[in-house]
Amino acid sequence: MSAQVATKAPTPGRDYGYGNARVRGMRSRLLTAHYFDELMCHTDISKIIGMLIQTGYGPDIETAIIHGRTPAAMDEALRANMVENFQKVMGFLNAEAHTLVGTLLGRWDMFNVKSIIRGKHMHLKPEEIEDGLYAVGALTPTDLHVLVGLEDIRAVVDTLVTWESPYAVPLRENLAAYGEGGNLATLELALDRYYFSWAASRLTGRRSNTVLARRILGLQADSVNLLTVFRLLKSDIGDIDPKSFFLPGGAHVDEALFSTLAAMSDVDEVLDGLKNTPYARQLEAVIATYVDEGSLSVFERALEDFVMRKALDAGRGDPLGVGITIGYLWAKQNEITNLRIIVKGTSVGMPADRMRKELILV
Amino acid sequence: MMDKRLTKVLSAGVFLTALLVPAMAFAAEVTAPVAWQEAVGKALAAGLAMGLSALGAAYAQAKIGSAGAGTLAERPEVAIWVITLQALPEVIVLLGFVSAIMIKG
C-alpha cells in the first residue's frame, strides 16, 4: 500500500517470548465483567465517559470529546483506541506471527474496502464512510483516507491496482459485471471469496501456530457460510447455483456440506445436517429465541459468539505461540464492541438487562 | 529450529556419557590410570561441568530476558520480579562451578 513502505519490518525469527509478554501485559489492562456491570448501572453517558476516562481509553476519549460528550465522539475514541492497540501489537510481533496475524487481520482490510465501495455505491459523503472504517489491517489510515476521497468505485479499484493490493484482483475482475447490473453484491461476494482463498493460501503448513491461525480462519469462513445457508432458506434465488455463494477455507463446512445444507427447506433440517459439527450445540441453544423473534440475527449472534470464544481460547495451552496474540486481539475487539453497545444503549435509554444480553462477557 | 538442535546436542551428550562412564570404570578396573591421564580427565570433566552449565544458564537468561523486556515495556511496576527471575539461572552456573571444584578437588 502507499504508506506501507514506511512501516517497521517485523523482528525476524520465531521468538514469542518478548511479544507474548507484552501482549499479556496489555491483556491485564482489559476491562473485567464486573467493570462492565458498573458501567451499565449508569443511565447518563457523561458518567460512563467519566469512568472510562480513568482507564486506558482516557487519552483517546479526551481527544474525541473536545466537540462534545456524544455517542459519536465516544465511537470515534473507541475506534482510535482499537486501531492504536492493533497497530502497536503488529509493531512488535516476530516475522512468523506478523504473517499469521496479518493474514487474519486481512478481514479488516476486506471490511474497509467493502465499506468504501458500499459508501461510493450509495453516494455517501467521505466523512460518513470514514466514520465506519478500522485501519487495523495492511491498509493504513492514510490509505483509507485516500480511497474514501476518490470519486467512485472505479477510481477506488484503479487506485488499489496501482498499490498492488491483493483486493484489487477480485474487484477488477468483477467491475464489468457490477457496471452492467449495478449489483453491489457481485463485488462484495468476490471480495469475500478472494479474501478467504488468499488467506487460506498463506496459512499452509503443519507448524502448530499456522494450524491454529488456519483454524480461526476456518471458523470465520464457516460462520459466513452458515449465515448464507440460513439466508438462503428465506430467499428465492431462482436459477442461481447456491455453490456460487460458498466461501472456501472452512474448518468444518466444506462445499459438499454447504450444498446439502443450502438445499434444505427449514432451520430444523439445517441443524440436523450440522449435528456432526461443533456448531450444532451452539445453534440448537438459540433455536427457541429464533422461534420467538423470527430473526436470523439470532444465529448470526450465536455464530459470532462461538468464533469469538474459540479465538479467545486460542492462547490456552501454548504460552510461546501465536495464540496469545490472537486471543488478545479478539478480546480487545470484543471489549470495544461491548463498550459501543453500552454507550449507544445508555444514550437511547436501553435497560441494563437488555444491554447485558447483547454483550459477550469473558 | 534452535530448540530442536539443542535437544539433539544434549541427547547426544547424555548418550555418549552413558557409554563412556561404564567404559572408563571398566578401564579403571583393568589398569589404573597414570597420573597425567587422571589429571587430564578431571580437567576435561571440570571444564565440561562449568561450560555446559554456563551455556544452560545463558540460554535460560536469554529467554527470560526477552520475556522480561516485554513485560517491563507494558508493566514497569513488576521490575523487581523481572530482575529476580533474570538472576535465577545464575544458580545453574554456581552449581556447575561447585561441581567443577569437587571434580578437581
# chains A, B, ... in the order shown; residues from 1 in each chain; ligands from 1
call {"tool": "residues_around", "arguments": {"residues": "Tyr290 (chain A)", "least_positions_apart": "6", "cutoff": "8 Å", "atoms": "only C-alpha atoms", "output": "PyMOL selection string"}}
result
chain A and resi 296+298-299
call {"tool": "write_last_selection", "arguments": {"atoms": "C-alpha atoms", "output": "PDB file, in the first residue's frame"}}
result
ATOM      1  CA  LEU A 296     -31.792 -14.688  11.558  1.00  0.00           C
ATOM      2  CA  VAL A 298     -30.118 -14.756  16.466  1.00  0.00           C
ATOM      3  CA  PHE A 299     -27.994 -17.287  14.553  1.00  0.00           C
TER       4      PHE A 299
END
call {"tool": "residues_around", "arguments": {"residues": "Val253 (chain A)", "least_positions_apart": "2", "cutoff": "10 Å", "atoms": "only C-alpha atoms", "output": "ChimeraX atom specification"}}
result
/A:218-219,221-223,225-226,246-251,255-259,261,274,277,279
call {"tool": "write_last_selection", "arguments": {"atoms": "N, CA and C atoms", "output": "CSV table (one decimal), in the first residue's frame"}}
result
chain,number,residue,atom,x,y,z
A,218,GLY,N,-10.8,-20.7,9.4
A,218,GLY,CA,-11.8,-21.7,9.0
A,218,GLY,C,-13.1,-21.5,9.7
A,219,LEU,N,-13.0,-21.2,11.0
A,219,LEU,CA,-14.2,-20.9,11.8
A,219,LEU,C,-15.0,-19.7,11.2
A,221,ALA,N,-14.8,-18.6,8.1
A,221,ALA,CA,-15.4,-18.9,6.8
A,221,ALA,C,-16.7,-19.7,7.1
A,222,ASP,N,-16.6,-20.7,8.0
A,222,ASP,CA,-17.8,-21.5,8.3
A,222,ASP,C,-19.0,-20.6,8.8
A,223,SER,N,-18.6,-19.6,9.6
A,223,SER,CA,-19.6,-18.8,10.2
A,223,SER,C,-20.4,-18.0,9.0
A,225,ASN,N,-20.5,-18.9,5.9
A,225,ASN,CA,-21.2,-19.9,5.0
A,225,ASN,C,-22.5,-20.3,5.7
A,226,LEU,N,-22.5,-20.5,7.0
A,226,LEU,CA,-23.7,-20.9,7.6
A,226,LEU,C,-24.8,-19.8,7.6
A,246,PHE,N,-20.6,-20.0,-1.9
A,246,PHE,CA,-19.8,-20.7,-0.9
A,246,PHE,C,-18.4,-20.0,-0.8
A,247,LEU,N,-17.9,-19.9,0.4
A,247,LEU,CA,-16.6,-19.3,0.7
A,247,LEU,C,-15.6,-20.5,1.0
A,248,PRO,N,-14.5,-20.6,0.4
A,248,PRO,CA,-13.5,-21.7,0.6
A,248,PRO,C,-12.8,-21.4,1.9
A,249,GLY,N,-12.1,-22.5,2.4
A,249,GLY,CA,-11.2,-22.4,3.6
A,249,GLY,C,-11.9,-22.7,4.9
A,250,GLY,N,-13.1,-23.2,4.9
A,250,GLY,CA,-13.8,-23.5,6.1
A,250,GLY,C,-13.2,-24.7,6.9
A,251,ALA,N,-13.5,-24.7,8.2
A,251,ALA,CA,-12.9,-25.7,9.1
A,251,ALA,C,-13.8,-26.9,9.1
A,255,GLU,N,-17.6,-27.7,0.8
A,255,GLU,CA,-18.5,-27.3,-0.3
A,255,GLU,C,-19.7,-28.3,-0.4
A,256,ALA,N,-19.4,-29.6,-0.2
A,256,ALA,CA,-20.4,-30.6,-0.3
A,256,ALA,C,-21.5,-30.4,0.8
A,257,LEU,N,-21.0,-30.2,2.0
A,257,LEU,CA,-22.0,-30.0,3.1
A,257,LEU,C,-22.8,-28.7,2.9
A,258,PHE,N,-22.1,-27.7,2.4
A,258,PHE,CA,-22.8,-26.4,2.1
A,258,PHE,C,-23.9,-26.6,1.1
A,259,SER,N,-23.6,-27.4,0.0
A,259,SER,CA,-24.6,-27.6,-1.0
A,259,SER,C,-25.8,-28.4,-0.4
A,261,LEU,N,-26.8,-28.4,2.8
A,261,LEU,CA,-27.5,-27.5,3.7
A,261,LEU,C,-28.3,-26.5,2.9
A,274,LEU,N,-26.1,-30.3,10.6
A,274,LEU,CA,-24.9,-29.8,11.2
A,274,LEU,C,-24.5,-30.6,12.5
A,277,THR,N,-21.0,-31.4,13.5
A,277,THR,CA,-20.0,-30.2,13.6
A,277,THR,C,-20.2,-29.6,15.0
A,279,TYR,N,-20.9,-26.7,15.6
A,279,TYR,CA,-21.9,-25.6,15.5
A,279,TYR,C,-23.2,-26.0,16.0
call {"tool": "interface_residues", "arguments": {"of": "chain B", "to": "chain A", "cutoff": "12 Å", "atoms": "only C-alpha atoms", "output": "PyMOL selection string"}}
result
chain B and resi 1-3+60-78+82
call {"tool": "write_last_selection", "arguments": {"atoms": "N, CA and C atoms", "output": "PDB file, in the first residue's frame"}}
result
ATOM      1  N   MET B   1      13.603 -24.383  15.549  1.00  0.00           N
ATOM      2  CA  MET B   1      14.778 -24.977  14.901  1.00  0.00           C
ATOM      3  C   MET B   1      15.936 -25.072  15.889  1.00  0.00           C
ATOM      4  N   MET B   2      16.206 -23.923  16.560  1.00  0.00           N
ATOM      5  CA  MET B   2      17.300 -23.841  17.531  1.00  0.00           C
ATOM      6  C   MET B   2      17.062 -24.825  18.678  1.00  0.00           C
ATOM      7  N   ASP B   3      15.775 -24.874  19.129  1.00  0.00           N
ATOM      8  CA  ASP B   3      15.415 -25.763  20.224  1.00  0.00           C
ATOM      9  C   ASP B   3      15.684 -27.216  19.855  1.00  0.00           C
ATOM     10  N   ALA B  60      18.804 -19.940  29.302  1.00  0.00           N
ATOM     11  CA  ALA B  60      17.655 -19.587  30.151  1.00  0.00           C
ATOM     12  C   ALA B  60      17.544 -18.075  30.310  1.00  0.00           C
ATOM     13  N   GLN B  61      18.695 -17.415  30.518  1.00  0.00           N
ATOM     14  CA  GLN B  61      18.660 -15.958  30.713  1.00  0.00           C
ATOM     15  C   GLN B  61      18.234 -15.228  29.446  1.00  0.00           C
ATOM     16  N   ALA B  62      18.613 -15.776  28.287  1.00  0.00           N
ATOM     17  CA  ALA B  62      18.195 -15.143  27.027  1.00  0.00           C
ATOM     18  C   ALA B  62      16.672 -15.162  26.910  1.00  0.00           C
ATOM     19  N   LYS B  63      16.090 -16.328  27.218  1.00  0.00           N
ATOM     20  CA  LYS B  63      14.622 -16.465  27.125  1.00  0.00           C
ATOM     21  C   LYS B  63      13.935 -15.567  28.154  1.00  0.00           C
ATOM     22  N   ILE B  64      14.443 -15.614  29.391  1.00  0.00           N
ATOM     23  CA  ILE B  64      13.825 -14.805  30.452  1.00  0.00           C
ATOM     24  C   ILE B  64      14.032 -13.321  30.149  1.00  0.00           C
ATOM     25  N   GLY B  65      15.187 -13.004  29.583  1.00  0.00           N
ATOM     26  CA  GLY B  65      15.484 -11.600  29.278  1.00  0.00           C
ATOM     27  C   GLY B  65      14.526 -11.009  28.267  1.00  0.00           C
ATOM     28  N   SER B  66      14.257 -11.759  27.187  1.00  0.00           N
ATOM     29  CA  SER B  66      13.364 -11.203  26.157  1.00  0.00           C
ATOM     30  C   SER B  66      11.939 -11.063  26.696  1.00  0.00           C
ATOM     31  N   ALA B  67      11.504 -12.089  27.445  1.00  0.00           N
ATOM     32  CA  ALA B  67      10.157 -12.006  28.027  1.00  0.00           C
ATOM     33  C   ALA B  67      10.102 -10.897  29.084  1.00  0.00           C
ATOM     34  N   GLY B  68      11.178 -10.753  29.852  1.00  0.00           N
ATOM     35  CA  GLY B  68      11.229  -9.701  30.880  1.00  0.00           C
ATOM     36  C   GLY B  68      11.180  -8.316  30.268  1.00  0.00           C
ATOM     37  N   ALA B  69      11.903  -8.151  29.152  1.00  0.00           N
ATOM     38  CA  ALA B  69      11.886  -6.845  28.471  1.00  0.00           C
ATOM     39  C   ALA B  69      10.474  -6.511  28.003  1.00  0.00           C
ATOM     40  N   GLY B  70       9.794  -7.535  27.485  1.00  0.00           N
ATOM     41  CA  GLY B  70       8.414  -7.329  27.040  1.00  0.00           C
ATOM     42  C   GLY B  70       7.497  -6.967  28.194  1.00  0.00           C
ATOM     43  N   THR B  71       7.691  -7.649  29.319  1.00  0.00           N
ATOM     44  CA  THR B  71       6.854  -7.366  30.494  1.00  0.00           C
ATOM     45  C   THR B  71       7.109  -5.945  31.000  1.00  0.00           C
ATOM     46  N   LEU B  72       8.394  -5.565  31.066  1.00  0.00           N
ATOM     47  CA  LEU B  72       8.726  -4.221  31.577  1.00  0.00           C
ATOM     48  C   LEU B  72       8.175  -3.116  30.682  1.00  0.00           C
ATOM     49  N   ALA B  73       8.107  -3.396  29.358  1.00  0.00           N
ATOM     50  CA  ALA B  73       7.583  -2.381  28.433  1.00  0.00           C
ATOM     51  C   ALA B  73       6.127  -2.056  28.745  1.00  0.00           C
ATOM     52  N   GLU B  74       5.386  -3.065  29.205  1.00  0.00           N
ATOM     53  CA  GLU B  74       3.954  -2.859  29.468  1.00  0.00           C
ATOM     54  C   GLU B  74       3.646  -2.630  30.946  1.00  0.00           C
ATOM     55  N   ARG B  75       4.440  -3.284  31.825  1.00  0.00           N
ATOM     56  CA  ARG B  75       4.144  -3.180  33.263  1.00  0.00           C
ATOM     57  C   ARG B  75       5.429  -2.906  34.048  1.00  0.00           C
ATOM     58  N   PRO B  76       5.897  -1.662  34.023  1.00  0.00           N
ATOM     59  CA  PRO B  76       7.155  -1.344  34.711  1.00  0.00           C
ATOM     60  C   PRO B  76       7.086  -1.600  36.214  1.00  0.00           C
ATOM     61  N   GLU B  77       5.867  -1.684  36.750  1.00  0.00           N
ATOM     62  CA  GLU B  77       5.720  -1.865  38.206  1.00  0.00           C
ATOM     63  C   GLU B  77       6.197  -3.237  38.683  1.00  0.00           C
ATOM     64  N   VAL B  78       6.404  -4.190  37.757  1.00  0.00           N
ATOM     65  CA  VAL B  78       6.863  -5.518  38.189  1.00  0.00           C
ATOM     66  C   VAL B  78       8.367  -5.704  37.947  1.00  0.00           C
ATOM     67  N   VAL B  82      10.956  -9.154  37.633  1.00  0.00           N
ATOM     68  CA  VAL B  82      11.678  -9.480  36.400  1.00  0.00           C
ATOM     69  C   VAL B  82      13.172  -9.635  36.687  1.00  0.00           C
TER      70      VAL B  82
END
call {"tool": "closest_residue", "arguments": {"among": "A:Leu31, A:Leu217, A:Gly132, A:Lys120", "to": "Thr204 (chain A)", "atoms": "only C-alpha atoms"}}
result
A:Leu217
call {"tool": "atom_distance", "arguments": {"atom1": "CA of Gly96 (chain B)", "atom2": "CA of Val34 (chain B)"}}
result
26.5 Å
call {"tool": "residues_around", "arguments": {"residues": "Gly327 (chain A)", "least_positions_apart": "5", "cutoff": "9 Å", "atoms": "only C-alpha atoms", "output": "PDB file with N, CA and C atoms, in the first residue's frame"}}
result
ATOM      1  N   MET A 308     -15.809 -16.057  18.499  1.00  0.00           N
ATOM      2  CA  MET A 308     -15.119 -15.195  19.466  1.00  0.00           C
ATOM      3  C   MET A 308     -14.532 -16.030  20.604  1.00  0.00           C
ATOM      4  N   ARG A 309     -15.330 -16.932  21.139  1.00  0.00           N
ATOM      5  CA  ARG A 309     -14.840 -17.743  22.268  1.00  0.00           C
ATOM      6  C   ARG A 309     -13.705 -18.677  21.840  1.00  0.00           C
ATOM      7  N   LYS A 310     -13.790 -19.205  20.642  1.00  0.00           N
ATOM      8  CA  LYS A 310     -12.715 -20.071  20.145  1.00  0.00           C
ATOM      9  C   LYS A 310     -11.425 -19.257  19.978  1.00  0.00           C
ATOM     10  N   ALA A 311     -11.568 -18.024  19.471  1.00  0.00           N
ATOM     11  CA  ALA A 311     -10.384 -17.166  19.288  1.00  0.00           C
ATOM     12  C   ALA A 311      -9.790 -16.785  20.646  1.00  0.00           C
ATOM     13  N   LEU A 312     -10.651 -16.508  21.622  1.00  0.00           N
ATOM     14  CA  LEU A 312     -10.166 -16.153  22.956  1.00  0.00           C
ATOM     15  C   LEU A 312      -9.444 -17.333  23.608  1.00  0.00           C
ATOM     16  N   ASP A 313      -9.918 -18.549  23.290  1.00  0.00           N
ATOM     17  CA  ASP A 313      -9.292 -19.752  23.854  1.00  0.00           C
ATOM     18  C   ASP A 313      -7.972 -20.105  23.162  1.00  0.00           C
ATOM     19  N   ALA A 314      -7.695 -19.423  22.050  1.00  0.00           N
ATOM     20  CA  ALA A 314      -6.522 -19.791  21.238  1.00  0.00           C
ATOM     21  C   ALA A 314      -5.228 -19.717  22.037  1.00  0.00           C
ATOM     22  N   GLY A 315      -5.180 -18.835  23.024  1.00  0.00           N
ATOM     23  CA  GLY A 315      -3.950 -18.642  23.781  1.00  0.00           C
ATOM     24  C   GLY A 315      -3.707 -19.691  24.848  1.00  0.00           C
ATOM     25  N   ARG A 316      -4.704 -20.508  25.111  1.00  0.00           N
ATOM     26  CA  ARG A 316      -4.548 -21.505  26.177  1.00  0.00           C
ATOM     27  C   ARG A 316      -3.726 -22.689  25.680  1.00  0.00           C
ATOM     28  N   VAL A 322       1.436 -18.198  18.867  1.00  0.00           N
ATOM     29  CA  VAL A 322       0.735 -17.024  18.351  1.00  0.00           C
ATOM     30  C   VAL A 322      -0.673 -16.879  18.954  1.00  0.00           C
ATOM     31  N   LYS A 332      -9.804  -7.696  22.630  1.00  0.00           N
ATOM     32  CA  LYS A 332      -9.834  -6.229  22.537  1.00  0.00           C
ATOM     33  C   LYS A 332     -10.998  -5.781  21.641  1.00  0.00           C
TER      34      LYS A 332
END
call {"tool": "atom_distance", "arguments": {"atom1": "CA of Val148 (chain A)", "atom2": "CA of Arg79 (chain A)"}}
result
17.0 Å
